[in-house]
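Next up, final_18.cif (mmCIF, C-alpha atoms and all ligand atoms):
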```cif
data_start
#
loop_
_atom_site.label_atom_id
_atom_site.label_comp_id
_atom_site.auth_asym_id
_atom_site.auth_seq_id
_atom_site.Cartn_x
_atom_site.Cartn_y
_atom_site.Cartn_z
CA MET A 221 46.02 -39.35 -13.31
CA ALA A 222 44.63 -37.57 -10.26
CA ILE A 223 46.00 -34.10 -9.59
CA LEU A 224 46.70 -33.87 -5.89
CA CYS A 225 46.27 -30.73 -3.86
CA THR A 226 47.46 -30.37 -0.31
CA THR A 227 45.19 -29.91 2.72
CA THR A 228 45.46 -30.59 6.52
CA THR A 229 43.03 -31.82 9.15
CA THR A 230 40.57 -29.58 10.98
CA SER A 231 37.31 -30.44 12.69
CA PRO A 232 33.95 -29.18 11.42
CA ALA A 233 32.14 -26.44 13.31
CA GLU A 234 29.98 -28.03 15.99
CA LYS A 235 27.69 -25.09 16.57
CA GLU A 236 23.96 -25.30 15.84
CA HIS A 237 22.68 -23.28 12.91
CA GLU A 238 19.87 -20.84 13.24
CA PRO A 239 16.71 -22.28 11.70
CA LYS A 240 16.75 -19.67 8.95
CA GLN A 241 19.17 -18.75 6.21
CA ASP A 242 21.47 -15.73 6.63
CA LEU A 243 20.08 -13.93 3.61
CA GLU A 244 21.64 -10.64 2.54
CA ASN A 245 19.50 -7.78 3.85
CA ASP A 246 21.82 -4.74 4.06
CA GLN A 247 22.12 -1.87 1.59
CA THR A 248 25.61 -2.72 0.20
CA PRO A 249 25.77 -3.47 -3.56
CA PRO A 250 25.44 -7.19 -4.21
CA LEU A 251 28.67 -9.19 -4.40
CA ILE A 252 29.24 -10.87 -7.76
CA PHE A 253 31.17 -14.14 -8.11
CA ASN A 254 32.66 -13.96 -11.58
CA PRO A 255 35.24 -16.81 -11.87
CA SER A 256 37.13 -15.23 -14.76
CA LEU A 257 37.98 -12.22 -12.56
CA LEU A 258 38.22 -13.83 -9.12
CA ASN A 259 40.58 -16.69 -9.93
CA LEU A 260 43.56 -14.31 -10.18
CA GLN A 261 42.84 -12.20 -7.08
CA THR A 262 45.28 -12.62 -4.22
CA GLN A 263 42.86 -11.04 -1.74
CA ILE A 264 39.51 -12.76 -1.81
CA PRO A 265 36.37 -10.99 -0.54
CA ASN A 266 35.74 -11.58 3.18
CA GLN A 267 32.47 -13.38 2.53
CA PHE A 268 34.50 -16.27 1.04
CA ILE A 269 36.76 -16.63 4.07
CA TRP A 270 35.65 -19.52 6.28
CA PRO A 271 36.11 -19.54 10.10
CA ASP A 272 39.40 -21.02 11.36
CA GLU A 273 37.80 -24.22 12.66
CA GLU A 274 36.39 -24.96 9.19
CA LYS A 275 39.35 -23.90 7.04
CA PRO A 276 40.94 -26.69 4.99
CA SER A 277 44.55 -27.70 5.63
CA ILE A 278 47.41 -29.80 4.18
CA ASP A 279 48.28 -33.50 3.92
CA ILE A 280 45.22 -35.47 4.67
CA PRO A 281 45.12 -39.26 4.38
CA GLU A 282 43.13 -41.10 1.75
CA LEU A 283 39.85 -42.76 2.77
CA ASN A 284 39.74 -46.44 2.00
CA VAL A 285 36.40 -47.05 0.32
CA PRO A 286 35.25 -50.35 -1.20
CA PHE A 287 35.05 -50.79 -4.99
CA ILE A 288 31.72 -52.36 -5.89
CA ASP A 289 31.96 -54.14 -9.24
CA LEU A 290 28.44 -54.05 -10.70
CA SER A 291 29.25 -56.48 -13.54
CA ARG A 292 29.84 -59.41 -11.14
CA GLN A 293 26.44 -61.13 -10.73
CA ASP A 294 28.24 -63.98 -8.94
CA SER A 295 29.43 -61.74 -6.13
CA THR A 296 26.24 -59.90 -5.16
CA LEU A 297 26.43 -61.22 -1.61
CA GLU A 298 30.03 -60.07 -1.22
CA ALA A 299 29.03 -56.65 -2.66
CA SER A 300 26.17 -56.30 -0.18
CA ARG A 301 28.51 -57.22 2.69
CA LEU A 302 31.04 -54.56 1.63
CA ILE A 303 28.25 -52.01 1.22
CA ALA A 304 26.86 -52.79 4.68
CA GLU A 305 30.33 -52.37 6.20
CA ALA A 306 30.93 -49.00 4.45
CA CYS A 307 27.42 -47.65 5.01
CA THR A 308 27.22 -48.44 8.72
CA LYS A 309 30.50 -46.53 9.14
CA HIS A 310 30.47 -43.56 6.71
CA GLY A 311 28.12 -44.22 3.78
CA PHE A 312 30.70 -43.80 0.96
CA PHE A 313 31.69 -46.40 -1.68
CA LEU A 314 32.77 -46.51 -5.35
CA VAL A 315 30.99 -48.31 -8.18
CA VAL A 316 32.93 -49.64 -11.17
CA ASN A 317 31.79 -51.49 -14.31
CA HIS A 318 28.58 -49.56 -13.80
CA GLY A 319 27.41 -49.80 -17.42
CA VAL A 320 27.20 -46.02 -18.07
CA SER A 321 28.86 -45.38 -21.41
CA GLU A 322 32.20 -43.57 -21.38
CA SER A 323 31.16 -41.48 -24.38
CA LEU A 324 28.04 -40.24 -22.55
CA ILE A 325 30.15 -39.24 -19.54
CA SER A 326 32.75 -37.44 -21.64
CA GLU A 327 30.14 -35.63 -23.74
CA ALA A 328 28.39 -34.50 -20.52
CA GLN A 329 31.75 -33.23 -19.22
CA ARG A 330 32.55 -31.42 -22.49
CA LEU A 331 29.18 -29.65 -22.45
CA MET A 332 29.54 -28.72 -18.78
CA GLU A 333 32.87 -27.04 -19.63
CA ARG A 334 31.25 -25.15 -22.48
CA PHE A 335 28.47 -23.95 -20.19
CA PHE A 336 30.81 -22.68 -17.47
CA ASP A 337 33.10 -21.08 -20.09
CA MET A 338 30.27 -18.78 -21.20
CA PRO A 339 30.28 -15.14 -20.04
CA LEU A 340 28.44 -14.58 -16.75
CA SER A 341 25.50 -12.89 -18.50
CA GLY A 342 24.93 -16.01 -20.67
CA LYS A 343 24.89 -18.31 -17.63
CA GLN A 344 22.60 -15.93 -15.78
CA ARG A 345 19.88 -16.63 -18.35
CA ALA A 346 19.28 -19.72 -16.20
CA GLN A 347 19.61 -17.78 -12.89
CA ARG A 348 18.39 -19.74 -9.83
CA LYS A 349 15.56 -17.85 -8.09
CA PRO A 350 15.35 -17.38 -4.29
CA GLY A 351 13.79 -20.40 -2.59
CA GLU A 352 14.23 -22.64 -5.67
CA SER A 353 16.63 -25.56 -5.93
CA CYS A 354 17.24 -25.34 -9.68
CA GLY A 355 19.06 -22.95 -12.00
CA TYR A 356 22.47 -21.28 -12.23
CA ALA A 357 24.12 -19.93 -9.07
CA SER A 358 27.47 -18.10 -9.05
CA SER A 359 28.49 -19.00 -5.52
CA PHE A 360 25.43 -18.19 -3.33
CA THR A 361 25.97 -14.43 -3.24
CA GLY A 362 22.29 -13.47 -3.09
CA ARG A 363 21.36 -16.36 -0.79
CA PHE A 364 23.91 -16.34 2.04
CA SER A 365 26.08 -13.52 3.33
CA THR A 366 28.89 -15.48 5.03
CA LYS A 367 30.91 -18.66 4.38
CA LEU A 368 30.29 -18.40 0.64
CA PRO A 369 31.40 -21.39 -1.42
CA TRP A 370 34.10 -20.95 -4.09
CA LYS A 371 31.99 -22.46 -6.87
CA GLU A 372 29.36 -21.89 -9.50
CA THR A 373 26.66 -24.47 -10.07
CA LEU A 374 23.95 -25.39 -12.54
CA SER A 375 21.15 -27.53 -11.09
CA PHE A 376 18.08 -29.01 -12.78
CA ARG A 377 15.26 -31.38 -11.95
CA PHE A 378 14.95 -34.92 -13.35
CA SER A 379 11.67 -36.79 -12.99
CA ASN A 380 11.37 -40.51 -13.68
CA GLU A 381 7.63 -40.45 -13.06
CA ASN A 382 6.34 -40.68 -16.63
CA SER A 383 9.11 -42.24 -18.65
CA GLY A 384 9.34 -40.13 -21.76
CA SER A 385 8.38 -36.89 -19.99
CA ARG A 386 11.86 -35.49 -20.79
CA THR A 387 12.00 -32.98 -17.90
CA VAL A 388 15.66 -32.16 -18.48
CA GLN A 389 15.39 -31.61 -22.21
CA ASN A 390 12.35 -29.36 -21.74
CA TYR A 391 14.09 -27.38 -18.99
CA PHE A 392 16.98 -26.51 -21.30
CA SER A 393 14.93 -25.54 -24.29
CA ASP A 394 12.52 -23.48 -22.11
CA THR A 395 15.27 -21.64 -20.19
CA LEU A 396 18.20 -21.41 -22.56
CA GLY A 397 16.58 -21.85 -25.97
CA GLN A 398 17.08 -23.94 -29.09
CA GLU A 399 20.89 -23.70 -29.06
CA PHE A 400 20.81 -25.85 -25.89
CA GLU A 401 18.85 -28.66 -27.53
CA HIS A 402 21.86 -31.01 -27.74
CA PHE A 403 22.88 -30.11 -24.15
CA GLY A 404 19.37 -30.97 -22.95
CA LYS A 405 19.34 -34.31 -24.81
CA VAL A 406 22.74 -35.35 -23.43
CA TYR A 407 21.80 -34.50 -19.86
CA GLN A 408 18.38 -36.17 -20.25
CA ASP A 409 20.27 -39.37 -21.20
CA TYR A 410 22.82 -38.85 -18.42
CA CYS A 411 20.07 -38.44 -15.78
CA GLU A 412 18.21 -41.50 -17.09
CA ALA A 413 21.46 -43.49 -16.80
CA MET A 414 21.95 -42.15 -13.23
CA SER A 415 18.37 -43.01 -12.30
CA SER A 416 18.77 -46.62 -13.56
CA LEU A 417 22.11 -46.94 -11.79
CA SER A 418 20.53 -45.65 -8.56
CA LEU A 419 17.80 -48.29 -8.81
CA LYS A 420 20.43 -51.05 -9.20
CA ILE A 421 22.25 -49.68 -6.15
CA MET A 422 18.93 -49.58 -4.25
CA GLU A 423 18.60 -53.36 -4.78
CA LEU A 424 22.03 -53.86 -3.22
CA LEU A 425 21.23 -51.50 -0.33
CA GLY A 426 18.03 -53.49 0.32
CA LEU A 427 20.00 -56.73 0.36
CA SER A 428 22.58 -55.22 2.72
CA LEU A 429 19.82 -54.16 5.12
CA GLY A 430 17.95 -57.48 4.90
CA VAL A 431 14.96 -55.82 3.21
CA ASN A 432 12.99 -57.44 0.37
CA GLY A 433 15.00 -56.97 -2.86
CA ASP A 434 12.43 -54.80 -4.63
CA TYR A 435 11.39 -52.55 -1.76
CA PHE A 436 13.81 -49.63 -2.24
CA ARG A 437 13.83 -49.99 -6.04
CA GLY A 438 10.03 -49.61 -5.92
CA PHE A 439 10.28 -46.68 -3.51
CA PHE A 440 12.55 -44.73 -5.88
CA GLU A 441 11.16 -45.95 -9.23
CA GLU A 442 9.31 -42.64 -9.76
CA ASN A 443 12.15 -40.54 -8.38
CA ASP A 444 12.07 -36.73 -8.61
CA SER A 445 15.78 -36.00 -8.48
CA ILE A 446 18.21 -33.10 -8.81
CA MET A 447 21.19 -33.04 -11.17
CA ARG A 448 23.94 -30.58 -10.34
CA LEU A 449 27.04 -29.46 -12.25
CA ASN A 450 29.78 -27.96 -10.06
CA HIS A 451 32.62 -25.73 -11.23
CA TYR A 452 35.31 -24.84 -8.70
CA PRO A 453 37.58 -22.19 -10.26
CA PRO A 454 41.20 -21.93 -9.09
CA CYS A 455 41.67 -19.74 -6.03
CA GLN A 456 44.89 -17.91 -5.08
CA THR A 457 44.21 -18.49 -1.36
CA PRO A 458 42.73 -22.03 -1.26
CA ASP A 459 43.58 -22.40 2.43
CA LEU A 460 41.04 -19.69 3.37
CA THR A 461 37.94 -20.91 1.57
CA LEU A 462 35.95 -24.01 0.59
CA GLY A 463 34.38 -25.11 -2.70
CA THR A 464 31.49 -26.76 -0.88
CA GLY A 465 31.28 -26.38 2.90
CA PRO A 466 30.93 -29.31 5.34
CA HIS A 467 27.50 -30.90 4.91
CA CYS A 468 25.53 -34.12 4.70
CA ASP A 469 23.42 -34.43 1.54
CA PRO A 470 19.72 -34.08 2.48
CA SER A 471 18.74 -36.22 -0.55
CA SER A 472 18.70 -40.06 -0.56
CA LEU A 473 21.71 -41.19 -2.58
CA THR A 474 24.35 -39.15 -4.43
CA ILE A 475 26.18 -40.43 -7.50
CA LEU A 476 29.18 -38.19 -8.11
CA HIS A 477 31.53 -38.03 -11.06
CA GLN A 478 34.73 -36.11 -10.31
CA ASP A 479 37.16 -34.98 -13.01
CA GLN A 480 40.89 -35.71 -12.56
CA VAL A 481 41.40 -32.99 -9.92
CA ASN A 482 41.46 -33.95 -6.25
CA GLY A 483 39.05 -32.11 -3.90
CA LEU A 484 36.42 -34.34 -2.25
CA GLN A 485 36.96 -34.95 1.48
CA VAL A 486 34.97 -36.99 4.00
CA PHE A 487 35.01 -36.63 7.81
CA VAL A 488 35.61 -40.12 9.25
CA ASP A 489 36.98 -41.11 12.69
CA ASN A 490 37.33 -37.46 13.62
CA GLN A 491 39.51 -36.51 10.67
CA TRP A 492 39.17 -35.32 7.09
CA ARG A 493 40.13 -37.85 4.41
CA SER A 494 40.29 -37.61 0.61
CA ILE A 495 38.50 -39.68 -1.95
CA LEU A 496 40.83 -39.55 -4.93
CA PRO A 497 39.35 -39.19 -8.43
CA ASN A 498 39.06 -42.37 -10.49
CA PRO A 499 37.85 -41.91 -14.09
CA LYS A 500 36.36 -45.43 -14.18
CA ALA A 501 34.33 -45.01 -10.99
CA PHE A 502 31.40 -43.08 -9.58
CA VAL A 503 31.51 -42.07 -5.93
CA VAL A 504 28.27 -43.06 -4.22
CA ASN A 505 27.12 -41.77 -0.84
CA ILE A 506 24.12 -42.20 1.41
CA GLY A 507 22.09 -39.03 2.02
CA ASP A 508 19.95 -38.02 5.01
CA THR A 509 16.68 -39.26 3.47
CA PHE A 510 18.09 -42.79 3.05
CA MET A 511 19.55 -42.62 6.56
CA ALA A 512 15.96 -41.95 7.75
CA LEU A 513 14.61 -44.81 5.56
CA SER A 514 17.11 -47.18 7.18
CA ASN A 515 16.14 -45.85 10.65
CA GLY A 516 19.69 -44.56 11.11
CA ILE A 517 21.47 -47.86 10.30
CA PHE A 518 23.15 -46.48 7.17
CA LYS A 519 25.00 -43.21 7.73
CA SER A 520 24.86 -39.96 5.83
CA CYS A 521 28.34 -38.61 6.43
CA LEU A 522 29.83 -35.11 6.60
CA HIS A 523 31.84 -34.16 3.49
CA ARG A 524 33.16 -31.06 1.70
CA ALA A 525 35.07 -30.02 -1.42
CA VAL A 526 38.32 -28.04 -1.28
CA VAL A 527 39.77 -25.86 -4.05
CA ASN A 528 43.32 -25.30 -5.25
CA ARG A 529 45.57 -22.61 -6.73
CA GLU A 530 46.54 -24.33 -9.97
CA CYS A 531 43.52 -25.70 -11.74
CA ALA A 532 39.77 -25.63 -11.99
CA ARG A 533 37.83 -28.68 -10.80
CA LYS A 534 34.49 -29.90 -12.14
CA SER A 535 32.10 -32.50 -10.79
CA MET A 536 28.64 -33.81 -11.71
CA ALA A 537 26.32 -34.86 -8.89
CA PHE A 538 23.04 -36.75 -9.29
CA PHE A 539 20.99 -36.41 -6.10
CA LEU A 540 18.42 -39.20 -6.01
CA CYS A 541 15.23 -38.00 -4.28
CA PRO A 542 11.87 -39.73 -3.81
CA LYS A 543 8.73 -38.56 -5.55
CA LYS A 544 7.67 -35.44 -3.61
CA ASP A 545 4.61 -36.84 -1.75
CA LYS A 546 6.00 -40.30 -0.87
CA VAL A 547 6.09 -40.84 2.89
CA VAL A 548 9.62 -41.53 4.13
CA ARG A 549 9.27 -44.27 6.76
CA PRO A 550 11.52 -47.32 7.29
CA PRO A 551 10.15 -50.64 5.94
CA SER A 552 8.52 -53.11 8.37
CA GLU A 553 11.52 -55.53 8.30
CA ILE A 554 13.65 -52.78 9.90
CA LEU A 555 11.00 -51.50 12.32
CA GLU A 556 10.14 -54.99 13.59
CA LYS A 557 13.80 -55.54 14.49
CA MET A 558 14.51 -52.09 15.92
CA LYS A 559 11.20 -51.27 17.68
CA THR A 560 11.96 -47.51 18.13
CA ARG A 561 11.77 -44.90 15.38
CA LYS A 562 14.73 -42.48 15.02
CA TYR A 563 12.99 -39.94 12.78
CA PRO A 564 9.36 -38.89 12.20
CA ASP A 565 7.48 -39.58 8.96
CA PHE A 566 8.11 -36.88 6.37
CA THR A 567 7.94 -36.23 2.65
CA TRP A 568 10.79 -35.07 0.40
CA SER A 569 8.73 -32.03 -0.46
CA MET A 570 8.88 -30.95 3.24
CA PHE A 571 12.60 -31.68 3.55
CA LEU A 572 13.45 -29.86 0.32
CA GLU A 573 11.49 -26.80 1.44
CA PHE A 574 13.34 -26.88 4.78
CA THR A 575 16.78 -26.83 3.07
CA GLN A 576 15.79 -24.15 0.55
CA LYS A 577 13.87 -21.76 2.81
CA HIS A 578 14.75 -22.33 6.45
CA TYR A 579 18.14 -23.99 6.89
CA ARG A 580 21.57 -24.11 5.28
CA ALA A 581 22.51 -27.80 4.89
CA ASP A 582 25.25 -28.88 7.33
CA VAL A 583 26.05 -31.82 9.60
CA ASN A 584 22.83 -31.41 11.61
CA THR A 585 20.28 -30.98 8.82
CA LEU A 586 18.33 -34.19 9.47
CA ASP A 587 18.13 -33.74 13.26
CA SER A 588 17.14 -30.07 12.93
CA PHE A 589 14.55 -30.98 10.32
CA SER A 590 13.15 -33.80 12.51
CA ASN A 591 12.76 -31.40 15.43
CA TRP A 592 11.09 -28.89 13.11
CA VAL A 593 8.63 -31.56 11.87
CA ILE A 594 7.85 -32.69 15.42
CA SER A 595 7.32 -29.14 16.74
CA ASN A 596 5.19 -28.16 13.73
CA LYS A 597 2.98 -31.20 14.39
CA LYS A 598 2.39 -30.04 17.94
CA ASN A 599 1.77 -26.44 16.84
CA PRO A 600 0.32 -26.61 13.33
CA ILE A 601 0.61 -23.21 11.65
C1 LIG B 1 18.40 -30.54 -1.71
C2 LIG B 1 19.55 -30.02 -2.00
C3 LIG B 1 20.18 -28.90 -1.23
C4 LIG B 1 21.57 -28.84 -1.84
C5 LIG B 1 21.30 -29.22 -3.26
C6 LIG B 1 20.43 -30.45 -3.11
C7 LIG B 1 21.31 -31.60 -2.63
C8 LIG B 1 22.55 -31.18 -1.82
C9 LIG B 1 22.46 -29.83 -1.07
C10 LIG B 1 23.82 -29.08 -0.82
C11 LIG B 1 24.79 -29.38 -1.95
C12 LIG B 1 24.50 -29.46 0.46
C13 LIG B 1 25.66 -28.45 0.74
C14 LIG B 1 25.16 -27.05 0.90
C15 LIG B 1 24.44 -26.57 -0.36
C16 LIG B 1 23.84 -25.21 -0.08
C17 LIG B 1 25.52 -26.33 -1.43
O1 LIG B 1 26.67 -25.94 -1.08
O2 LIG B 1 25.28 -26.44 -2.62
C18 LIG B 1 23.34 -27.61 -0.67
C19 LIG B 1 22.36 -27.52 -1.82
C20 LIG B 1 21.49 -26.31 -1.86
O3 LIG B 1 20.70 -26.03 -0.93
O4 LIG B 1 21.58 -25.67 -2.88
O1 LIG B 2 32.17 -31.67 -5.87
C1 LIG B 2 32.32 -32.54 -5.02
O2 LIG B 2 33.29 -33.30 -4.99
C2 LIG B 2 31.28 -32.73 -3.93
C3 LIG B 2 30.10 -31.82 -4.03
C4 LIG B 2 29.05 -32.14 -3.03
O3 LIG B 2 29.30 -32.72 -2.01
C5 LIG B 2 27.64 -31.74 -3.32
O4 LIG B 2 27.41 -31.05 -4.33
O5 LIG B 2 26.77 -32.14 -2.53
FE FE B 3 27.42 -33.37 -1.00
#
```

Let me see the file written as structure tokens.
Ligand SMILES: C=C1C[C@]23C[C@H]1CC[C@H]2[C@]1(C)CCC[C@@](C)(C(=O)O)[C@H]1[C@@H]3C(=O)O
Ligand SMILES: O=C(O)CCC(=O)C(=O)O
Ligand SMILES: [Fe+2]
Amino acid sequence: MAILCTTTTTSPAEKEHEPKQDLENDQTPPLIFNPSLLNLQTQIPNQFIWPDEEKPSIDIPELNVPFIDLSRQDSTLEASRLIAEACTKHGFFLVVNHGVSESLISEAQRLMERFFDMPLSGKQRAQRKPGESCGYASSFTGRFSTKLPWKETLSFRFSNENSGSRTVQNYFSDTLGQEFEHFGKVYQDYCEAMSSLSLKIMELLGLSLGVNGDYFRGFFEENDSIMRLNHYPPCQTPDLTLGTGPHCDPSSLTILHQDQVNGLQVFVDNQWRSILPNPKAFVVNIGDTFMALSNGIFKSCLHRAVVNRECARKSMAFFLCPKKDKVVRPPSEILEKMKTRKYPDFTWSMFLEFTQKHYRADVNTLDSFSNWVISNKKNPI
């Protein structure tokens, strides 16, 4: 059963971000986000307090998202119609009967809990380095100085390029040692299952957009994706902070598994709405890179995660990303119909660098990145 937390409607900040991250550069000792100490504090550090216009609030309505049943071969056309309807509006839908084994999901969840339960020093053995997208991050204390998220994360790369290359398994044994061998194997299997599921969803997205069935599957076959585990500890003042701030995912497609605790919210029709947890479903959303591939037809929508006073929340996100050097450009079927291009050609390697070194992902990431690409073309460095 979903555990409901209360929140009210506010609008996201509209202001443009500066094209660089607000990295800590003063002389004060670094702030440490240690969940086992912070979850009982009634006064949270200022860096975690979000501006009024972005603070979460109570009683928000539920977002109605379609359930796409992947076991029904007979209803593929109906599924692609529902997907088109959801993706032209907000880009969020649920998949059920997805074929990913329940035991794999629960083992992945059990191991995630064990990881986050370790003392901070143990988790820091996988510390994320500045400018990199992978590793352990306790909030983003060394990376940003304001609007810090109330979460700790563990992110790692999954590559489907050479099947059998076992990127995830190798990452765990190289960074955390032999005792993480089982962890690495489970998450290798989990990422392979997510990659296959993404490719099935890509076929449906192609059908919904009227693009040759294999086009998007082929585009993402050799995906170079990011897997992220999120832990949102309880917070005594959940109305002041956010677990994950308002953003659109820069990646192509996100497949999210939420535990039984409510927290995911999407900004649709000018208001925040919840997507309630469902243990049988994955939440799928379109990211900026797929929005660019569809020439803006399918939307990458603003979303965030709120926290609560009573219980910790955990989620697992698979961010599908293209192979780094693949050129992101809409297929000819779309361009012939639409004539004008909404975004310039780019590669995921450029976009990833932009979000890690120059810009904090928000509602404007894709537009800011497009302008950056266009101005860099005119003035090559
Ligand atoms: C390419 C990426 C940047 C982020 C991790 C992956 C995919 C999603 C991005 C993110 C989750 C969007 C919200 C802001 C962010 C900083 C976060 O809160 O985690 C983003 C990730 C990141 O840059 O670490
Ligand atoms: O944890 C969640 O529910 C959402 C997290 C998210 O949006 C992200 O990691 O990109
Ligand atoms: Fe997200």

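Within 8 Å of Leu460 of chain A, once all atoms listed in the file are used and residues closer than 5 positions along the same chain are dropped, the contacting residues are A:Phe268, A:Ile269, A:Trp270, A:Lys275, A:Pro276.
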
Contacts to ligand LIG 2 (chain B) at 7 Å cut-off (all atoms listed in the file) as a count of residues only = 13

For ligand FE 3 (chain B), the closest of A:His467, A:Arg561, A:Arg533, A:Lys544 counting all atoms listed in the file is A:His467

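Interatomic distance, atom CA of Gln329 of chain A to atom CA of Gly507 of chain A: 24.0 Å.
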
Please write out the residues within 12 Å of ligand FE 3 (chain B) as a short mmCIF file (atom, residue, chain, number, x, y, z; two decimals) with C-alpha atoms, keeping the file's coordinate frame, counting only C-alpha atoms and all ligand atoms.
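For reference, selection_30.cif as written:
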```
data_model
loop_
_atom_site.label_atom_id
_atom_site.label_comp_id
_atom_site.auth_asym_id
_atom_site.auth_seq_id
_atom_site.Cartn_x
_atom_site.Cartn_y
_atom_site.Cartn_z
CA GLY A 311 28.12 -44.22 3.78
CA PHE A 312 30.70 -43.80 0.96
CA MET A 447 21.19 -33.04 -11.17
CA ARG A 448 23.94 -30.58 -10.34
CA LEU A 449 27.04 -29.46 -12.25
CA ASN A 450 29.78 -27.96 -10.06
CA GLY A 463 34.38 -25.11 -2.70
CA THR A 464 31.49 -26.76 -0.88
CA GLY A 465 31.28 -26.38 2.90
CA PRO A 466 30.93 -29.31 5.34
CA HIS A 467 27.50 -30.90 4.91
CA CYS A 468 25.53 -34.12 4.70
CA ASP A 469 23.42 -34.43 1.54
CA PRO A 470 19.72 -34.08 2.48
CA SER A 471 18.74 -36.22 -0.55
CA SER A 472 18.70 -40.06 -0.56
CA LEU A 473 21.71 -41.19 -2.58
CA THR A 474 24.35 -39.15 -4.43
CA ILE A 475 26.18 -40.43 -7.50
CA LEU A 476 29.18 -38.19 -8.11
CA HIS A 477 31.53 -38.03 -11.06
CA LEU A 484 36.42 -34.34 -2.25
CA GLN A 485 36.96 -34.95 1.48
CA VAL A 486 34.97 -36.99 4.00
CA VAL A 503 31.51 -42.07 -5.93
CA VAL A 504 28.27 -43.06 -4.22
CA ASN A 505 27.12 -41.77 -0.84
CA ILE A 506 24.12 -42.20 1.41
CA GLY A 507 22.09 -39.03 2.02
CA ASP A 508 19.95 -38.02 5.01
CA SER A 520 24.86 -39.96 5.83
CA CYS A 521 28.34 -38.61 6.43
CA LEU A 522 29.83 -35.11 6.60
CA HIS A 523 31.84 -34.16 3.49
CA ARG A 524 33.16 -31.06 1.70
CA ALA A 525 35.07 -30.02 -1.42
CA SER A 535 32.10 -32.50 -10.79
CA MET A 536 28.64 -33.81 -11.71
CA ALA A 537 26.32 -34.86 -8.89
CA PHE A 538 23.04 -36.75 -9.29
CA PHE A 539 20.99 -36.41 -6.10
CA LEU A 540 18.42 -39.20 -6.01
CA ALA A 581 22.51 -27.80 4.89
CA ASP A 582 25.25 -28.88 7.33
CA VAL A 583 26.05 -31.82 9.60
#
```

Listed atoms of ligand LIG 1 (chain B) boxed axis-aligned with 6 Å per side, centre + edges as lines of an AutoDock Vina configuration file:
```
center_x = 22.5
center_y = -28.4
center_z = -1.2
size_x = 20.3
size_y = 18.4
size_z = 16.2
```

Pick out the closest residue to Pro286 of chain A from this set: A:Phe502, A:Glu273, A:Lys557, A:Glu381. Count all atoms listed in the file.
-> A:Phe502

What does the distance from atom CA of Ile264 of chain A to atom O4 of ligand LIG 1 (chain B) come to in Å, to one decimal?
-> 22.1 Å

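Distance-wise, atom CA of Arg301 of chain A and atom CA of Ser428 of chain A end up 6.3 Å apart.
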
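The smallest atom-to-atom distance between Gly384 of chain A and any of A:Asn254, A:Ser295, A:Gln408, A:Ser277, using only C-alpha atoms, is found for A:Gln408.
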
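Minimum distance to ligand LIG 1 (chain B) across A:Pro458, A:Pro265, A:Gly438, A:Pro350 (counting all atoms listed in the file) occurs at A:Pro350.
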
What's the 12 Å shell around segment 355-357 of chain A, counting all atoms listed in the file, without same-chain residues fewer than 3 positions away, as number ranges by chain?
-> A: 252-255, 335-336, 340-352, 360-364, 368-377, 388, 391-392, 395-396, 446-451

Just the residues within 10 Å of Glu322 of chain A, please, counting all atoms listed in the file, with nothing from its chain fewer than 6 positions along; format it as a PyMOL selection string.
-> chain A and resi 328+499-500

Might you pull out every residue within 12 Å of Arg292 of chain A, with all atoms listed in the file counted and same-chain residues fewer than 5 positions away left off, and present them as a VMD selection string?
-> chain A and resid 287 297 to 300 315 to 319

Export of prior selection with C-alpha atoms as a PDB file, keeping the file's coordinate frame:
```pdb
ATOM      1  CA  PHE A 287      35.050 -50.790  -4.990  1.00  0.00           C
ATOM      2  CA  LEU A 297      26.430 -61.220  -1.610  1.00  0.00           C
ATOM      3  CA  GLU A 298      30.030 -60.070  -1.220  1.00  0.00           C
ATOM      4  CA  ALA A 299      29.030 -56.650  -2.660  1.00  0.00           C
ATOM      5  CA  SER A 300      26.170 -56.300  -0.180  1.00  0.00           C
ATOM      6  CA  VAL A 315      30.990 -48.310  -8.180  1.00  0.00           C
ATOM      7  CA  VAL A 316      32.930 -49.640 -11.170  1.00  0.00           C
ATOM      8  CA  ASN A 317      31.790 -51.490 -14.310  1.00  0.00           C
ATOM      9  CA  HIS A 318      28.580 -49.560 -13.800  1.00  0.00           C
ATOM     10  CA  GLY A 319      27.410 -49.800 -17.420  1.00  0.00           C
TER      11      GLY A 319
END
```

Tell me which of A:Val526, A:Leu496, A:Ile594, A:Val431 sits closest to Leu555 of chain A, counting all atoms listed in the file.
->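 Smallest separation from Leu555 of chain A among the options: A:Val431.
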
Which residue gives the smallest distance to ligand LIG 1 (chain B) among A:Gly430, A:Thr387, A:Pro250, A:Ser358, with only C-alpha atoms and all ligand atoms counted?
->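 Smallest separation from ligand LIG 1 (chain B) among the options: A:Ser358.
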
Just the residues within 12 Å of Phe574 of chain A, please, counting all atoms listed in the file, with nothing from its chain fewer than 6 positions along; format it as a ChimeraX atom specification.
-> /A:239-241,351-353,470,566-568,580-581,585-593
